[in-house]
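The structure under discussion appears below in the form of C-alpha cells.
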Amino acid sequence: AGDKGKGGGGLQVAECLKVLRIPTCRNLTIFMLMTGLAGQIYHSTFSMAGPGFFKLTAKDLGFFQTLSGVIGLISNTFVVGAIEKKLSQKSIITLGASILVFTFTAYAYATSFDHLLVIGVISAFPSMAMYTTVTSMVTRGTPREVSATVIGLGHAARSLCGIVAPTIGGYLYKDAGVPGVGYTCAAIMVAAAVWSQVAQVTALAGKSKEL
C-alpha cells in the first residue's frame, strides 16, 4: 500500500502517456480538443454578443439556455441511441462536425433572436450526439485498467479548452465581431471533421498492435 502511495503523480503522468500511445484514444482526444475549442469560443462570446450585438434581454438569454438544455436531454435520452442503430460511431462524429460547420457559418450571418433559435436547435443535437459518441468510442477503445485515466483525460481536454477559449474568443469578438467568431469556429470544425476521417482510420487499423 505504501509503494502505491509513492509517486502517485508520476504514475498518473505515465498512465496518461500510455493512454495517448493508443491511436484511438490519441486521435479522439485531439478531436475533442478541436470540437471543444470551437464550442467554448462560441459559448464564451455569446454572453457578450447576446446583449451587445443581438440586443437580447435577460429573459431571452434564459429561454435560449433552457431550450438548449431541454434539447440536450432529449438528444441523449432518445436520439443518440436511435442514431447509433443506423450509423457507425465514426459516421456520427463526422456528420456532427459537418453540421456544426454549417451552423457556425450561419451564426456568422445571424442578426436576430429568431436566427439564434434556429441555429441553437440545429446545433444542439449534433453537439450532444458527438459528445456522447466520442466518450463511448474512447472508453471502448482502451483497456479496462486505464479507463479511469481515459475519462480523466477527456475532462482535462475540455477543461483546457475552457481555459484558453475565452481569451481567444474575446480577441475575436473585439476585432471581428460575431462574423469572426462564427467563421473561426466553423474553420475549427472543418479541421475536426477532416481529422475524424483521416486519423480515425489509422487508429482503427493500428488498435490491435497498440493494445
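Letters A, B, ... mark the chains of the C-alpha cells in the order given; residue numbers begin at 1 per chain; ligand numbers begin at 1, in order shown.
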Handout entry: Distance query region 170-181 of chain A at most 9 Å, only C-alpha atoms, self and fewer than 5 positions along chain excluded, as a list in words
Key =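 Result of the neighbour search: Ile41, Tyr42, Ser44, Thr45, Phe46, Met48, Ala49, Phe53, Phe104, Thr105, Tyr107, Ala108, Tyr109, Ala110, Ala165 and Ala186 of chain A.
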Exercise for the section: Check the DSSP output for the backbone and give back, as a ChimeraX atom specification, the residues of region 13-156 of chain A in alpha helix (DSSP H). Expected result: /A:13-20,23-52,58-74,80-86,89-109,113-140,147-156
Handout entry: Nearby residues (only C-alpha atoms) at most 12 Å from Met189 (chain A), same-chain spacing under 5 positions excluded, as an NGL selection string
Key = :A and (31-39 or 41-42 or 93-105 or 127 or 182-184 or 194-196)
Could you save the residues just selected, with N, CA, C and O atoms, as a compact mmCIF listing (two decimals), in the first residue's frame?
```txt
# COMPACT_ATOMS: atom_id res chain seq x y z
N PHE A 31 -9.52 15.21 -31.44
CA PHE A 31 -10.84 15.58 -31.95
C PHE A 31 -11.63 16.34 -30.89
O PHE A 31 -12.26 17.37 -31.17
N MET A 32 -11.58 15.86 -29.65
CA MET A 32 -12.30 16.53 -28.56
C MET A 32 -11.73 17.92 -28.30
O MET A 32 -12.47 18.85 -27.98
N LEU A 33 -10.42 18.06 -28.42
CA LEU A 33 -9.80 19.38 -28.22
C LEU A 33 -10.30 20.37 -29.27
O LEU A 33 -10.61 21.52 -28.95
N MET A 34 -10.37 19.92 -30.52
CA MET A 34 -10.81 20.83 -31.58
C MET A 34 -12.28 21.20 -31.44
O MET A 34 -12.65 22.38 -31.51
N THR A 35 -13.13 20.20 -31.25
CA THR A 35 -14.56 20.49 -31.12
C THR A 35 -14.84 21.26 -29.84
O THR A 35 -15.69 22.16 -29.82
N GLY A 36 -14.11 20.93 -28.77
CA GLY A 36 -14.30 21.64 -27.51
C GLY A 36 -13.87 23.09 -27.61
O GLY A 36 -14.53 23.98 -27.06
N LEU A 37 -12.78 23.33 -28.34
CA LEU A 37 -12.30 24.70 -28.50
C LEU A 37 -13.32 25.55 -29.26
O LEU A 37 -13.64 26.67 -28.86
N ALA A 38 -13.85 24.99 -30.35
CA ALA A 38 -14.85 25.73 -31.12
C ALA A 38 -16.10 26.02 -30.28
O ALA A 38 -16.61 27.15 -30.26
N GLY A 39 -16.56 25.01 -29.56
CA GLY A 39 -17.75 25.20 -28.73
C GLY A 39 -17.54 26.21 -27.62
O GLY A 39 -18.42 27.05 -27.36
N ILE A 41 -15.30 28.68 -27.54
CA ILE A 41 -15.17 30.03 -28.11
C ILE A 41 -16.55 30.62 -28.35
O ILE A 41 -16.82 31.78 -28.02
N TYR A 42 -17.43 29.82 -28.92
CA TYR A 42 -18.80 30.28 -29.18
C TYR A 42 -19.52 30.64 -27.88
O TYR A 42 -20.09 31.73 -27.75
N ILE A 93 -19.77 11.12 -35.59
CA ILE A 93 -18.95 12.27 -35.20
C ILE A 93 -18.56 13.11 -36.42
O ILE A 93 -18.48 14.33 -36.34
N THR A 94 -18.37 12.45 -37.57
CA THR A 94 -18.05 13.21 -38.78
C THR A 94 -19.26 14.02 -39.24
O THR A 94 -19.14 15.20 -39.59
N LEU A 95 -20.43 13.39 -39.22
CA LEU A 95 -21.66 14.10 -39.60
C LEU A 95 -21.95 15.23 -38.63
O LEU A 95 -22.32 16.34 -39.03
N GLY A 96 -21.75 14.97 -37.32
CA GLY A 96 -21.97 16.01 -36.33
C GLY A 96 -21.07 17.21 -36.53
O GLY A 96 -21.52 18.36 -36.48
N ALA A 97 -19.79 16.94 -36.79
CA ALA A 97 -18.85 18.04 -37.03
C ALA A 97 -19.22 18.81 -38.29
O ALA A 97 -19.11 20.04 -38.33
N SER A 98 -19.68 18.10 -39.31
CA SER A 98 -20.06 18.75 -40.57
C SER A 98 -21.28 19.65 -40.38
O SER A 98 -21.34 20.76 -40.94
N ILE A 99 -22.25 19.18 -39.61
CA ILE A 99 -23.44 20.01 -39.33
C ILE A 99 -23.04 21.27 -38.57
O ILE A 99 -23.54 22.36 -38.84
N LEU A 100 -22.10 21.13 -37.64
CA LEU A 100 -21.66 22.29 -36.87
C LEU A 100 -20.87 23.28 -37.72
O LEU A 100 -20.86 24.48 -37.42
N VAL A 101 -20.21 22.80 -38.76
CA VAL A 101 -19.59 23.72 -39.72
C VAL A 101 -20.66 24.63 -40.31
O VAL A 101 -20.49 25.86 -40.40
N PHE A 102 -21.78 24.04 -40.69
CA PHE A 102 -22.89 24.80 -41.26
C PHE A 102 -23.48 25.78 -40.25
O PHE A 102 -23.72 26.95 -40.56
N THR A 103 -23.73 25.31 -39.01
CA THR A 103 -24.38 26.17 -38.03
C THR A 103 -23.47 27.32 -37.58
O THR A 103 -23.95 28.44 -37.38
N PHE A 104 -22.17 27.06 -37.45
CA PHE A 104 -21.26 28.15 -37.08
C PHE A 104 -21.14 29.18 -38.22
O PHE A 104 -21.03 30.38 -37.96
N THR A 105 -21.16 28.69 -39.45
CA THR A 105 -21.16 29.62 -40.58
C THR A 105 -22.44 30.44 -40.60
O THR A 105 -22.40 31.66 -40.84
N SER A 127 -24.12 18.35 -31.37
CA SER A 127 -23.16 18.58 -30.28
C SER A 127 -23.27 17.50 -29.23
O SER A 127 -22.27 16.91 -28.79
N GLY A 182 -17.96 33.26 -35.68
CA GLY A 182 -18.61 32.19 -36.44
C GLY A 182 -17.69 31.53 -37.44
O GLY A 182 -17.62 30.29 -37.51
N TYR A 183 -16.97 32.33 -38.21
CA TYR A 183 -16.07 31.76 -39.21
C TYR A 183 -14.92 30.97 -38.58
O TYR A 183 -14.52 29.92 -39.08
N THR A 184 -14.40 31.48 -37.46
CA THR A 184 -13.30 30.78 -36.79
C THR A 184 -13.76 29.43 -36.26
O THR A 184 -13.08 28.41 -36.43
N VAL A 194 -12.35 16.71 -40.87
CA VAL A 194 -11.29 16.08 -41.68
C VAL A 194 -10.46 15.14 -40.82
O VAL A 194 -10.14 14.01 -41.22
N TRP A 195 -10.13 15.58 -39.60
CA TRP A 195 -9.33 14.75 -38.70
C TRP A 195 -10.05 13.45 -38.37
O TRP A 195 -9.45 12.38 -38.31
N SER A 196 -11.36 13.50 -38.16
CA SER A 196 -12.11 12.29 -37.82
C SER A 196 -12.09 11.28 -38.95
O SER A 196 -12.19 10.07 -38.72
```
Problem - Two-atom distance - CA of Ser91 (chain A), CA of Leu117 (chain A) (Å) - result: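 Interatomic distance, CA of Ser91 (chain A) to CA of Leu117 (chain A): 26.1 Å.
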Practice task
Pick out the residues sitting within 8 Å of Thr133 (chain A), and hand them over as a list in words; count only C-alpha atoms, and ignore anything fewer than 2 positions along from it in its own chain.
Solution key: Val80, Gln89, Ile92, Ile93, Ala129, Met130, Tyr131, Thr135, Ser136 and Met137 of chain A
Any chance you can output those residues with all heavy atoms as a PDB file, in the first residue's frame?
```
ATOM      1  N   VAL A  80     -29.559   9.789 -29.567  1.00  0.00           N
ATOM      2  CA  VAL A  80     -28.242   9.184 -29.786  1.00  0.00           C
ATOM      3  C   VAL A  80     -28.344   7.679 -29.994  1.00  0.00           C
ATOM      4  O   VAL A  80     -27.746   7.122 -30.918  1.00  0.00           O
ATOM      5  CB  VAL A  80     -27.304   9.495 -28.601  1.00  0.00           C
ATOM      6  CG1 VAL A  80     -25.972   8.774 -28.790  1.00  0.00           C
ATOM      7  CG2 VAL A  80     -27.077  10.995 -28.489  1.00  0.00           C
ATOM      8  N   GLN A  89     -20.317   4.789 -35.380  1.00  0.00           N
ATOM      9  CA  GLN A  89     -19.895   5.870 -34.491  1.00  0.00           C
ATOM     10  C   GLN A  89     -19.015   6.876 -35.224  1.00  0.00           C
ATOM     11  O   GLN A  89     -19.115   8.087 -34.999  1.00  0.00           O
ATOM     12  CB  GLN A  89     -19.162   5.289 -33.279  1.00  0.00           C
ATOM     13  CG  GLN A  89     -20.074   4.528 -32.335  1.00  0.00           C
ATOM     14  CD  GLN A  89     -19.350   4.045 -31.106  1.00  0.00           C
ATOM     15  OE1 GLN A  89     -18.208   3.582 -31.172  1.00  0.00           O
ATOM     16  NE2 GLN A  89     -19.998   4.130 -29.954  1.00  0.00           N
ATOM     17  N   ILE A  92     -21.179   9.179 -37.137  1.00  0.00           N
ATOM     18  CA  ILE A  92     -21.901  10.119 -36.276  1.00  0.00           C
ATOM     19  C   ILE A  92     -21.043  11.339 -35.961  1.00  0.00           C
ATOM     20  O   ILE A  92     -21.507  12.483 -36.063  1.00  0.00           O
ATOM     21  CB  ILE A  92     -22.352   9.431 -34.974  1.00  0.00           C
ATOM     22  CG1 ILE A  92     -23.451   8.400 -35.269  1.00  0.00           C
ATOM     23  CG2 ILE A  92     -22.878  10.467 -33.967  1.00  0.00           C
ATOM     24  CD1 ILE A  92     -23.831   7.557 -34.065  1.00  0.00           C
ATOM     25  N   ILE A  93     -19.773  11.120 -35.587  1.00  0.00           N
ATOM     26  CA  ILE A  93     -18.949  12.266 -35.203  1.00  0.00           C
ATOM     27  C   ILE A  93     -18.564  13.105 -36.421  1.00  0.00           C
ATOM     28  O   ILE A  93     -18.476  14.329 -36.338  1.00  0.00           O
ATOM     29  CB  ILE A  93     -17.701  11.845 -34.402  1.00  0.00           C
ATOM     30  CG1 ILE A  93     -16.745  10.999 -35.238  1.00  0.00           C
ATOM     31  CG2 ILE A  93     -18.098  11.100 -33.140  1.00  0.00           C
ATOM     32  CD1 ILE A  93     -15.411  10.747 -34.550  1.00  0.00           C
ATOM     33  N   ALA A 129     -24.792  14.547 -29.519  1.00  0.00           N
ATOM     34  CA  ALA A 129     -24.528  13.231 -30.109  1.00  0.00           C
ATOM     35  C   ALA A 129     -23.029  12.973 -30.221  1.00  0.00           C
ATOM     36  O   ALA A 129     -22.548  11.877 -29.923  1.00  0.00           O
ATOM     37  CB  ALA A 129     -25.184  13.133 -31.486  1.00  0.00           C
ATOM     38  N   MET A 130     -22.269  13.987 -30.647  1.00  0.00           N
ATOM     39  CA  MET A 130     -20.818  13.841 -30.749  1.00  0.00           C
ATOM     40  C   MET A 130     -20.185  13.590 -29.396  1.00  0.00           C
ATOM     41  O   MET A 130     -19.334  12.714 -29.241  1.00  0.00           O
ATOM     42  CB  MET A 130     -20.190  15.093 -31.381  1.00  0.00           C
ATOM     43  CG  MET A 130     -20.279  15.152 -32.867  1.00  0.00           C
ATOM     44  SD  MET A 130     -19.113  16.358 -33.565  1.00  0.00           S
ATOM     45  CE  MET A 130     -19.375  17.781 -32.535  1.00  0.00           C
ATOM     46  N   TYR A 131     -20.586  14.375 -28.394  1.00  0.00           N
ATOM     47  CA  TYR A 131     -20.007  14.242 -27.058  1.00  0.00           C
ATOM     48  C   TYR A 131     -20.234  12.838 -26.508  1.00  0.00           C
ATOM     49  O   TYR A 131     -19.308  12.181 -26.028  1.00  0.00           O
ATOM     50  CB  TYR A 131     -20.616  15.281 -26.122  1.00  0.00           C
ATOM     51  CG  TYR A 131     -20.187  15.129 -24.675  1.00  0.00           C
ATOM     52  CD1 TYR A 131     -18.937  15.568 -24.260  1.00  0.00           C
ATOM     53  CD2 TYR A 131     -21.029  14.535 -23.749  1.00  0.00           C
ATOM     54  CE1 TYR A 131     -18.535  15.426 -22.944  1.00  0.00           C
ATOM     55  CE2 TYR A 131     -20.634  14.378 -22.431  1.00  0.00           C
ATOM     56  CZ  TYR A 131     -19.389  14.830 -22.029  1.00  0.00           C
ATOM     57  OH  TYR A 131     -18.997  14.660 -20.728  1.00  0.00           O
ATOM     58  N   THR A 135     -17.185   9.891 -26.228  1.00  0.00           N
ATOM     59  CA  THR A 135     -16.907   9.310 -24.914  1.00  0.00           C
ATOM     60  C   THR A 135     -17.006   7.794 -24.960  1.00  0.00           C
ATOM     61  O   THR A 135     -16.157   7.076 -24.421  1.00  0.00           O
ATOM     62  CB  THR A 135     -17.892   9.860 -23.862  1.00  0.00           C
ATOM     63  OG1 THR A 135     -17.781  11.283 -23.804  1.00  0.00           O
ATOM     64  CG2 THR A 135     -17.597   9.282 -22.487  1.00  0.00           C
ATOM     65  N   SER A 136     -18.034   7.291 -25.634  1.00  0.00           N
ATOM     66  CA  SER A 136     -18.201   5.849 -25.780  1.00  0.00           C
ATOM     67  C   SER A 136     -17.062   5.232 -26.581  1.00  0.00           C
ATOM     68  O   SER A 136     -16.523   4.183 -26.223  1.00  0.00           O
ATOM     69  CB  SER A 136     -19.534   5.560 -26.471  1.00  0.00           C
ATOM     70  OG  SER A 136     -19.661   4.182 -26.771  1.00  0.00           O
ATOM     71  N   MET A 137     -16.655   5.891 -27.664  1.00  0.00           N
ATOM     72  CA  MET A 137     -15.585   5.366 -28.511  1.00  0.00           C
ATOM     73  C   MET A 137     -14.261   5.293 -27.765  1.00  0.00           C
ATOM     74  O   MET A 137     -13.507   4.320 -27.892  1.00  0.00           O
ATOM     75  CB  MET A 137     -15.426   6.252 -29.752  1.00  0.00           C
ATOM     76  CG  MET A 137     -16.599   6.187 -30.704  1.00  0.00           C
ATOM     77  SD  MET A 137     -16.493   7.406 -32.043  1.00  0.00           S
ATOM     78  CE  MET A 137     -15.221   6.686 -33.073  1.00  0.00           C
TER      79      MET A 137
END
```
Exercise for the section: Write out as a PyMOL selection string each polymer residue whose atoms come within 12 Å of Ala148 (chain A), counting only C-alpha atoms; drop sequence neighbours fewer than 6 positions from it. Expected result: chain A and resi 12+15-16+19+138-139+142+154-155
Problem - Shell of 12 Å around region 64-74 of chain A, only C-alpha atoms, local chain residues under 6 positions omitted, as a PyMOL selection string - result: chain A and resi 43+46-47+50+56-58+80-82+113-132
